[in-house]
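Engineer: Contents of protein-v8.cif (mmCIF, C-alpha atoms and all ligand atoms) are below:
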data_work
loop_
_atom_site.label_atom_id
_atom_site.label_comp_id
_atom_site.auth_asym_id
_atom_site.auth_seq_id
_atom_site.Cartn_x
_atom_site.Cartn_y
_atom_site.Cartn_z
CA GLU C 1 -4.65 52.18 26.13
CA MET C 2 -5.30 48.87 24.31
CA THR C 3 -3.14 45.89 25.22
CA PRO C 4 -1.22 44.33 22.28
CA GLU C 5 -3.75 41.48 22.30
CA GLU C 6 -6.69 43.88 22.11
CA GLN C 7 -4.95 45.86 19.36
CA ALA C 8 -4.41 42.70 17.30
CA PHE C 9 -8.08 41.84 17.80
CA GLN C 10 -9.18 45.32 16.68
CA ASP C 11 -6.92 45.02 13.61
CA ARG C 12 -8.69 41.80 12.63
CA ILE C 13 -12.07 43.53 12.98
CA ASP C 14 -10.84 46.49 10.93
CA ARG C 15 -9.67 44.15 8.16
CA GLY C 16 -13.20 42.73 8.04
CA GLU C 17 -12.31 39.28 9.41
CA LYS C 18 -14.99 37.26 11.18
CA ILE C 19 -14.39 36.26 14.79
CA GLU C 20 -15.17 32.59 15.51
CA PRO C 21 -16.25 30.95 18.81
CA LYS C 22 -13.00 29.43 20.05
CA GLU C 23 -10.84 32.46 19.19
CA TRP C 24 -9.56 34.97 21.72
CA MET C 25 -11.82 37.99 22.24
CA PRO C 26 -11.96 40.81 24.79
CA GLU C 27 -14.35 40.09 27.68
CA GLY C 28 -16.37 43.20 26.77
CA TYR C 29 -16.87 41.93 23.22
CA ARG C 30 -18.13 38.60 24.53
CA LYS C 31 -20.45 40.27 27.05
CA THR C 32 -21.87 42.70 24.51
CA LEU C 33 -22.61 39.88 22.10
CA ILE C 34 -24.27 37.75 24.76
CA ARG C 35 -26.44 40.74 25.69
CA GLN C 36 -27.40 41.63 22.15
CA ILE C 37 -27.84 38.12 20.74
CA GLY C 38 -29.64 37.01 23.91
CA GLN C 39 -32.04 39.97 23.75
CA HIS C 40 -32.56 39.31 20.10
CA ALA C 41 -33.40 35.64 20.78
CA HIS C 42 -35.80 36.61 23.58
CA SER C 43 -37.49 39.08 21.22
CA GLU C 44 -38.15 36.37 18.67
CA ILE C 45 -39.67 34.11 21.32
CA VAL C 46 -41.75 36.77 23.12
CA GLY C 47 -42.66 38.15 19.69
CA GLN C 48 -44.68 35.02 19.00
CA LEU C 49 -47.23 36.02 21.63
CA PRO C 50 -48.95 39.06 20.05
CA GLU C 51 -49.38 37.22 16.75
CA GLY C 52 -50.07 33.79 18.19
CA ASN C 53 -53.03 35.53 19.79
CA TRP C 54 -54.65 35.72 16.32
CA ILE C 55 -53.93 32.26 14.86
CA THR C 56 -57.27 30.90 16.04
CA ARG C 57 -59.09 34.01 14.79
CA ALA C 58 -57.53 34.49 11.34
CA PRO C 59 -60.29 35.36 8.84
CA THR C 60 -59.62 32.55 6.32
CA LEU C 61 -57.92 29.17 6.22
CA GLU C 62 -55.22 30.60 3.94
CA ARG C 63 -54.48 33.51 6.30
CA LYS C 64 -54.35 31.06 9.18
CA GLN C 65 -51.79 28.84 7.44
CA ILE C 66 -49.63 31.82 6.56
CA LEU C 67 -49.72 33.23 10.10
CA LEU C 68 -49.01 29.84 11.61
CA ALA C 69 -45.95 29.43 9.35
CA LYS C 70 -44.71 32.89 10.27
CA VAL C 71 -45.06 32.35 14.01
CA GLN C 72 -43.23 29.02 13.69
CA ASP C 73 -40.44 30.83 11.84
CA GLU C 74 -40.07 33.16 14.83
CA ALA C 75 -39.61 30.16 17.11
CA GLY C 76 -36.92 28.89 14.74
CA HIS C 77 -35.16 32.26 14.79
CA GLY C 78 -35.19 32.27 18.56
CA LEU C 79 -33.62 28.79 18.75
CA TYR C 80 -31.05 29.71 16.12
CA LEU C 81 -30.06 32.82 18.05
CA TYR C 82 -29.90 30.99 21.39
CA SER C 83 -27.50 28.56 19.72
CA ALA C 84 -25.37 31.45 18.46
CA ALA C 85 -25.29 32.88 22.01
CA GLU C 86 -24.31 29.47 23.43
CA THR C 87 -21.13 29.50 21.34
CA LEU C 88 -20.03 32.39 23.61
CA GLY C 89 -20.10 30.23 26.73
CA VAL C 90 -23.54 30.91 28.18
CA SER C 91 -26.22 28.23 28.37
CA ARG C 92 -29.74 28.56 27.05
CA ASP C 93 -31.10 27.81 30.53
CA GLU C 94 -29.09 30.72 31.97
CA LEU C 95 -30.41 33.08 29.30
CA ILE C 96 -33.99 32.02 29.89
CA GLU C 97 -33.54 32.42 33.64
CA LEU C 98 -32.22 35.97 33.04
CA LEU C 99 -35.26 36.78 30.89
CA HIS C 100 -37.74 35.39 33.39
CA SER C 101 -36.16 37.22 36.32
CA GLY C 102 -36.34 40.51 34.39
CA LYS C 103 -32.54 40.89 34.19
CA MET C 104 -32.45 40.65 30.41
CA LYS C 105 -34.54 42.65 27.99
CA TYR C 106 -36.51 41.85 24.85
CA SER C 107 -37.75 44.28 22.24
CA SER C 108 -40.06 47.00 23.55
CA ILE C 109 -42.47 46.48 20.64
CA PHE C 110 -43.83 43.19 21.95
CA ASN C 111 -45.29 44.91 24.99
CA TYR C 112 -48.08 46.44 22.91
CA PRO C 113 -51.36 44.56 22.38
CA THR C 114 -52.74 43.27 19.06
CA LEU C 115 -56.39 44.25 19.27
CA ASN C 116 -57.75 43.17 15.90
CA TRP C 117 -56.87 41.62 12.54
CA ALA C 118 -55.59 44.91 11.07
CA ASP C 119 -52.96 44.87 13.84
CA ILE C 120 -51.59 41.62 12.43
CA GLY C 121 -51.14 43.41 9.11
CA ALA C 122 -49.47 46.36 10.82
CA VAL C 123 -47.15 44.10 12.82
CA GLY C 124 -45.98 42.33 9.66
CA TRP C 125 -45.60 45.54 7.69
CA LEU C 126 -44.05 47.80 10.34
CA VAL C 127 -42.55 45.55 13.01
CA ASP C 128 -41.03 43.02 10.64
CA GLY C 129 -40.14 45.90 8.31
CA ALA C 130 -38.20 47.57 11.12
CA ALA C 131 -36.66 44.23 12.12
CA ILE C 132 -35.32 43.70 8.58
CA MET C 133 -33.97 47.25 8.40
CA ASN C 134 -31.96 46.46 11.54
CA GLN C 135 -31.01 42.89 10.59
CA VAL C 136 -29.84 43.28 7.00
CA PRO C 137 -26.70 45.20 8.06
CA LEU C 138 -26.21 42.69 10.91
CA GLN C 139 -25.49 40.04 8.26
CA ARG C 140 -22.09 41.77 8.14
CA THR C 141 -21.60 41.80 11.91
CA SER C 142 -18.13 40.72 13.04
CA TYR C 143 -19.09 37.59 15.00
CA GLY C 144 -19.32 34.63 12.61
CA PRO C 145 -22.20 32.63 14.13
CA TYR C 146 -24.36 35.76 14.57
CA SER C 147 -23.67 36.92 11.04
CA ARG C 148 -24.58 33.54 9.55
CA ALA C 149 -27.77 33.34 11.63
CA MET C 150 -28.77 36.77 10.31
CA ILE C 151 -28.39 35.68 6.68
CA ARG C 152 -30.88 32.87 7.16
CA ILE C 153 -33.22 34.91 9.33
CA CYS C 154 -33.39 37.86 6.93
CA LYS C 155 -34.70 35.67 4.12
CA GLU C 156 -37.62 34.61 6.28
CA GLU C 157 -38.23 38.11 7.66
CA SER C 158 -38.85 39.52 4.19
CA PHE C 159 -41.64 36.99 3.71
CA HIS C 160 -43.04 38.11 7.08
CA GLN C 161 -43.01 41.73 6.07
CA ARG C 162 -44.79 40.97 2.82
CA GLN C 163 -47.50 38.89 4.46
CA GLY C 164 -48.32 41.87 6.70
CA TYR C 165 -48.37 44.30 3.83
CA ASP C 166 -50.55 41.89 1.87
CA ILE C 167 -53.13 41.85 4.69
CA LEU C 168 -53.24 45.65 4.59
CA MET C 169 -53.42 45.81 0.78
CA LYS C 170 -56.47 43.61 0.94
CA MET C 171 -58.09 45.73 3.65
CA CYS C 172 -57.17 49.13 2.21
CA LEU C 173 -57.45 48.61 -1.54
CA GLN C 174 -60.21 46.02 -1.78
CA GLY C 175 -61.91 46.30 1.59
CA THR C 176 -64.83 48.25 3.00
CA PRO C 177 -64.44 51.76 4.45
CA GLU C 178 -64.65 50.17 7.90
CA GLN C 179 -61.71 47.88 7.08
CA LYS C 180 -59.65 50.79 5.81
CA ALA C 181 -60.44 52.69 9.01
CA MET C 182 -59.25 49.69 11.04
CA ALA C 183 -55.98 49.72 9.08
CA GLN C 184 -55.52 53.45 9.75
CA ASP C 185 -56.18 52.89 13.46
CA ALA C 186 -53.59 50.08 13.53
CA LEU C 187 -51.02 52.35 11.85
CA ASN C 188 -51.82 55.12 14.35
CA ARG C 189 -51.07 52.79 17.27
CA PHE C 190 -48.03 50.97 15.84
CA TRP C 191 -46.15 53.84 14.18
CA TYR C 192 -44.27 55.29 17.16
CA PRO C 193 -43.69 51.94 18.91
CA SER C 194 -42.12 50.75 15.62
CA LEU C 195 -39.79 53.75 15.55
CA MET C 196 -38.76 52.87 19.13
CA MET C 197 -37.56 49.44 18.01
CA PHE C 198 -34.32 51.01 16.75
CA GLY C 199 -33.39 52.02 20.29
CA PRO C 200 -32.89 55.43 21.94
CA SER C 201 -31.61 58.39 19.96
CA ASP C 202 -27.87 58.27 19.30
CA LYS C 203 -27.07 60.76 22.06
CA ASP C 204 -28.68 58.39 24.61
CA SER C 205 -27.38 55.13 23.15
CA VAL C 206 -24.85 53.90 25.70
CA HIS C 207 -23.52 50.95 23.70
CA SER C 208 -23.38 52.26 20.11
CA ALA C 209 -19.85 53.70 19.99
CA GLN C 210 -18.09 50.60 21.33
CA SER C 211 -20.38 48.19 19.47
CA MET C 212 -19.68 50.00 16.21
CA GLN C 213 -15.94 49.97 16.79
CA TRP C 214 -16.17 46.21 17.21
CA LYS C 215 -18.55 45.99 14.21
CA ILE C 216 -21.11 44.24 16.38
CA LYS C 217 -23.38 47.04 15.19
CA ILE C 218 -22.95 48.42 11.68
CA ASN C 219 -25.21 51.50 11.91
CA THR C 220 -26.37 53.85 14.62
CA ASN C 221 -29.95 53.71 15.92
CA ASP C 222 -30.87 57.05 14.29
CA GLU C 223 -29.42 56.07 10.91
CA LEU C 224 -31.61 52.97 10.73
CA ARG C 225 -34.68 54.81 12.04
CA GLN C 226 -34.28 57.38 9.25
CA LYS C 227 -33.96 54.66 6.61
CA PHE C 228 -37.07 52.96 7.97
CA VAL C 229 -39.14 56.16 7.77
CA ASP C 230 -37.92 56.85 4.23
CA GLN C 231 -38.83 53.34 3.11
CA THR C 232 -42.21 53.22 4.86
CA VAL C 233 -43.79 56.56 3.89
CA PRO C 234 -44.31 55.62 0.19
CA GLN C 235 -45.72 52.25 1.29
CA ALA C 236 -48.29 54.07 3.46
CA GLU C 237 -49.13 56.36 0.52
CA TYR C 238 -49.73 53.34 -1.71
CA LEU C 239 -52.21 52.00 0.85
CA GLY C 240 -53.86 55.43 1.09
CA LEU C 241 -53.04 55.64 4.80
CA THR C 242 -51.72 58.64 6.72
CA ILE C 243 -48.65 58.42 8.97
CA PRO C 244 -49.82 59.90 12.30
CA ASP C 245 -47.17 62.64 12.35
CA PRO C 246 -48.05 66.25 11.50
CA ASN C 247 -44.35 67.08 11.21
CA LEU C 248 -43.59 64.45 8.59
CA LYS C 249 -42.13 66.29 5.61
CA TRP C 250 -39.73 65.50 2.78
CA ASN C 251 -36.42 67.30 3.25
CA GLU C 252 -34.81 67.79 -0.13
CA GLU C 253 -31.47 68.81 1.33
CA LYS C 254 -30.92 65.65 3.37
CA GLY C 255 -32.75 63.44 0.86
CA GLY C 256 -34.98 61.99 3.55
CA TYR C 257 -38.06 62.79 5.63
CA ASP C 258 -38.12 64.98 8.69
CA PHE C 259 -40.27 63.33 11.34
CA SER C 260 -41.27 63.55 15.01
CA GLU C 261 -39.32 61.54 17.55
CA PRO C 262 -41.26 58.97 19.53
CA ASP C 263 -42.12 59.73 23.14
CA TRP C 264 -38.87 58.63 24.79
CA THR C 265 -40.41 58.71 28.27
CA GLU C 266 -42.83 56.03 27.13
CA PHE C 267 -39.94 54.03 25.61
CA PHE C 268 -37.93 54.03 28.84
CA GLU C 269 -41.05 53.10 30.83
CA VAL C 270 -41.71 50.15 28.51
CA ILE C 271 -38.15 48.82 28.70
CA ALA C 272 -38.22 49.24 32.48
CA GLY C 273 -41.11 46.76 32.53
CA ASN C 274 -44.04 49.18 32.71
CA GLY C 275 -45.52 48.91 29.19
CA PRO C 276 -49.12 47.87 28.50
CA CYS C 277 -48.39 44.13 28.23
CA ASN C 278 -45.03 43.51 29.98
CA ALA C 279 -46.51 41.59 32.91
CA GLU C 280 -48.79 39.52 30.67
CA ARG C 281 -45.92 38.60 28.31
CA MET C 282 -43.63 37.47 31.12
CA GLU C 283 -46.41 35.52 32.77
CA ALA C 284 -47.07 33.67 29.50
CA ARG C 285 -43.37 32.83 29.05
CA VAL C 286 -42.85 31.68 32.62
CA MET C 287 -45.98 29.53 32.42
CA ALA C 288 -44.81 27.94 29.15
CA TRP C 289 -41.45 27.17 30.74
CA GLU C 290 -43.02 25.61 33.83
CA ASP C 291 -45.58 23.67 31.79
CA GLY C 292 -42.74 22.22 29.71
CA ALA C 293 -40.77 20.96 32.73
CA TRP C 294 -42.26 17.41 32.51
CA PHE C 295 -41.10 17.17 28.91
CA ARG C 296 -37.54 18.34 29.59
CA GLU C 297 -37.35 15.98 32.57
CA GLY C 298 -38.71 13.13 30.44
CA LEU C 299 -36.09 13.70 27.76
CA LEU C 300 -33.35 13.75 30.37
CA ALA C 301 -34.60 10.58 32.08
CA HIS C 302 -34.78 8.81 28.73
CA ALA C 303 -31.23 9.87 27.82
CA GLN C 304 -29.97 8.62 31.19
CA LYS C 305 -31.72 5.26 30.70
CA GLU C 306 -30.16 4.84 27.26
CA GLU C 307 -26.79 5.81 28.66
CA ALA C 308 -27.11 3.20 31.43
CA LEU C 309 -28.14 0.52 28.91
CA ARG C 310 -25.12 1.29 26.75
CA ALA C 311 -22.80 1.13 29.76
CA SER C 312 -24.14 -2.24 31.01
N1 LIG T 1 -36.39 47.37 23.19
C1 LIG T 1 -35.85 47.00 24.37
N2 LIG T 1 -34.66 47.45 24.80
C2 LIG T 1 -33.99 48.29 24.00
C3 LIG T 1 -34.47 48.69 22.75
C4 LIG T 1 -35.74 48.20 22.35
N3 LIG T 1 -36.31 48.55 21.20
N4 LIG T 1 -33.57 49.52 22.19
C5 LIG T 1 -32.56 49.65 23.05
N5 LIG T 1 -32.81 48.92 24.15
C6 LIG T 1 -31.99 48.86 25.36
C7 LIG T 1 -30.63 48.26 25.09
O1 LIG T 1 -30.70 46.87 25.14
C8 LIG T 1 -29.83 48.87 26.22
O2 LIG T 1 -30.17 48.24 27.45
P1 LIG T 1 -29.14 47.28 28.27
O3 LIG T 1 -27.87 48.03 28.43
O4 LIG T 1 -29.86 46.98 29.54
O5 LIG T 1 -28.98 46.06 27.42
C9 LIG T 1 -30.40 50.27 26.30
O6 LIG T 1 -31.71 50.17 25.79
C10 LIG T 1 -29.59 51.32 25.58
O7 LIG T 1 -29.68 51.19 24.17
P2 LIG T 1 -28.39 51.11 23.19
O8 LIG T 1 -27.17 51.54 23.90
O9 LIG T 1 -28.73 51.83 21.94
O10 LIG T 1 -28.34 49.52 22.96
P3 LIG T 1 -27.79 48.66 21.73
O11 LIG T 1 -26.48 49.19 21.27
O12 LIG T 1 -27.85 47.24 22.13
O13 LIG T 1 -28.85 48.94 20.53
C11 LIG T 1 -30.50 47.62 19.35
C12 LIG T 1 -30.17 48.47 20.59
C13 LIG T 1 -30.45 48.52 18.11
C14 LIG T 1 -31.91 47.06 19.52
C15 LIG T 1 -29.44 46.49 19.22
O14 LIG T 1 -29.34 45.77 20.40
C16 LIG T 1 -29.71 45.52 18.11
O15 LIG T 1 -29.48 45.81 16.93
N6 LIG T 1 -30.17 44.28 18.46
C17 LIG T 1 -30.39 43.20 17.52
C18 LIG T 1 -31.75 43.27 16.89
C19 LIG T 1 -32.87 42.89 17.83
O16 LIG T 1 -32.71 42.59 18.98
N7 LIG T 1 -34.07 42.86 17.30
C20 LIG T 1 -35.21 42.42 18.08
C21 LIG T 1 -36.48 42.95 17.59
S1 LIG T 1 -36.89 42.40 16.00
C22 LIG T 1 -37.69 40.91 16.13
O17 LIG T 1 -37.45 40.18 17.01
C23 LIG T 1 -38.67 40.51 15.11
#
Rewrite the structure from the file as structure tokens, please.
Ligand code: ACO
Structural biologist:
Amino acid sequence: EMTPEEQAFQDRIDRGEKIEPKEWMPEGYRKTLIRQIGQHAHSEIVGQLPEGNWITRAPTLERKQILLAKVQDEAGHGLYLYSAAETLGVSRDELIELLHSGKMKYSSIFNYPTLNWADIGAVGWLVDGAAIMNQVPLQRTSYGPYSRAMIRICKEESFHQRQGYDILMKMCLQGTPEQKAMAQDALNRFWYPSLMMFGPSDKDSVHSAQSMQWKIKINTNDELRQKFVDQTVPQAEYLGLTIPDPNLKWNEEKGGYDFSEPDWTEFFEVIAGNGPCNAERMEARVMAWEDGAWFREGLLAHAQKEEALRAS
């Protein structure tokens, strides 16, 4: 059912070749990439909000510097990814308009609040941990600009994950009982939302089969979720924290943990716009965009003036 052109394209993918911006690609491939890279970029940008919330309240100057650097990295990742998306023929303004009008998604996780400092530890440990688990294989994704962006981004993400874990090591291993209890409470609230980051279970994942054939995705959602659980359980044990799942149990036969699925009804509610912070997040982004209008207009006016000077 593939046309000869589509077959030749699939053969290139199967040989492990990278696809570059100006090369022929099926419309579906282009659309899927714009959707995924665009959502990924939006996630980086919206993802600054829950942590940015704590920059002014970090407990020490050192923690403040580290958090500030991390949140700035996220901005960089967003810009990098918007640029990768632009190579597919969509403009950044269009993508932002799609986000603000609710037509494009961003990761469900950023619709949960960060209530206290332990949450900043949990976000770094679990949310950035899940992000890396998903992004490391994406370094081998078939689209050249996306793959190269992932290589750079993954290096920074591993620092992010470690800064979160470091916050929790301090609270759990050297802190007071109250601080350890705060860390446990943060884990209790962020565990299932972190598992949701990998997307719906494979049977409900509408895009996986085609995206994997095109090597846009390298693993299924459930494969990565399993790897994340297996990696994270010993880290929780080291901190002396308990994963809030009574069904969590090592399964010798599969060489991994059995665990409870997240509440998928909650997941679909959150991605439909009805999570605890969806409205607040969008409001903050739209306000930032509108507040920045004078600056964008200023840049444009200046460029036009220079252009006119050069022409005269
Ligand atoms: N949050 C919001 N939406 C999600 C999520 C999630 N955690 N998981 C899946 N969805 C959406 C999909 O975008 C899709 O909706 P759409 O058709 O309207 O776009 C729908 O749910 C069905 O899911 P899938 O068919 O499984 O979608 P897909 O194949 O795109 O897989 C995944 C989802 C795994 C998130 C994939 O898009 C991906 O790997 N993206 C790149 C990584 C990324 O975006 N990370 C952002 C968070 S990490 C960070 O920013 C720090």
Engineer: So, counting only C-alpha atoms, which residue among C:Arg35, C:Arg57, C:Arg140, C:Lys70 is closest to Leu88 of chain C?
Structural biologist: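 Nearest candidate to Leu88 of chain C out of C:Arg35, C:Arg57, C:Arg140, C:Lys70: C:Arg35.
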Engineer: Would you mind listing what lies within 12 Å of Leu98 of chain C as a VMD selection string, with all atoms listed in the file counted and same-chain residues fewer than 3 positions away left out?
Structural biologist: chain C and resid 34 to 35 38 to 39 42 90 to 95 101 to 106 282 286
Engineer: Tell me, in Å to one decimal, how far atom CA of Leu138 of chain C is from atom CA of Met150 of chain C.
Structural biologist: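 Answer for the atom CA of Leu138 of chain C to atom CA of Met150 of chain C separation: 6.5 Å.
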Engineer: What residues of the protein or nucleic acid chains come within 8 Å of ligand LIG 1 (chain T) when you use all atoms listed in the file? Reply as an MDAnalysis selection string.
Structural biologist: chainID C and resid 32 35:37 39:45 47 74 104:109 127:128 130:132 134:135 138 157 196:202 204:208 211 217 220:221 267:268 270:271
Engineer: For a test of reading the model, state the distance in Å between atom CA of His77 of chain C and atom CA of Ile153 of chain C, rounded to one decimal.
Structural biologist: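 Result for atom CA of His77 of chain C versus atom CA of Ile153 of chain C: 6.4 Å, one decimal.
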Engineer: To one decimal place in Å, what is the distance between atom CA of Gly275 of chain C and atom CA of Tyr112 of chain C?
Structural biologist: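 Computed distance, atom CA of Gly275 of chain C to atom CA of Tyr112 of chain C, equals 7.2 Å.
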Engineer: Of the residues C:Gln213, C:Asn116, C:Gln139, C:Asn219, which is the one nearest to Ala186 of chain C, using only C-alpha atoms?
Structural biologist: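 Nearest candidate to Ala186 of chain C out of C:Gln213, C:Asn116, C:Gln139, C:Asn219: C:Asn116.
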Engineer: Near Pro113 of chain C, counting all atoms listed in the file, which residues have an atom at most 12 Å away, once you skip same-chain residues fewer than 5 positions from it, shown as a list of chain:residue names?
Structural biologist: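 Selected residues are C:Gly47, C:Leu49, C:Pro50, C:Glu51, C:Gly52, C:Asn53, C:Trp54, C:Ser108, C:Asp119, C:Ile120, C:Ala122, C:Val123, C:Ala186, C:Arg189, C:Phe190, C:Pro193, C:Gly275, C:Pro276, C:Cys277, C:Asn278, C:Ala279, C:Glu280, C:Arg281.
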Engineer: Out of C:Trp125, C:Ser260, C:Glu20, C:Glu27, which residue has the shortest atom-to-atom distance to Glu5 of chain C when counting all atoms listed in the file?
Structural biologist: C:Glu27
Engineer: Point out the residue among C:Leu168, C:Ile96, C:Ala8, C:Leu33 with the least atom-to-atom distance to Leu241 of chain C, counting all atoms listed in the file.
Structural biologist: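 Closest to Leu241 of chain C, using all atoms listed in the file: C:Leu168.
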Engineer: Kindly indicate which residue among C:Thr141, C:Pro262, C:Ile243, C:Gln7 lies nearest to Leu187 of chain C, using all atoms listed in the file for the distances.
Structural biologist: C:Ile243
Engineer: Counting only C-alpha atoms, what is within 9 Å of Asp14 of chain C, bar same-chain residues fewer than 5 positions away, as a PyMOL selection string?
Structural biologist: chain C and resi 9+213-215
Engineer: Pick out the closest residue to Asp73 of chain C from this set: C:Phe295, C:Tyr238, C:Phe159, C:Phe228. Count all atoms listed in the file.
Structural biologist: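 Using all atoms listed in the file, the shortest distance to Asp73 of chain C belongs to C:Phe159.
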Engineer: Identify, on the basis of all atoms listed in the file, every residue whose closest approach to Leu239 of chain C does not exceed 12 Å; exclude the query and any residue fewer than 2 positions from it along the same chain; express the result as a count of residues only.
Structural biologist: 28
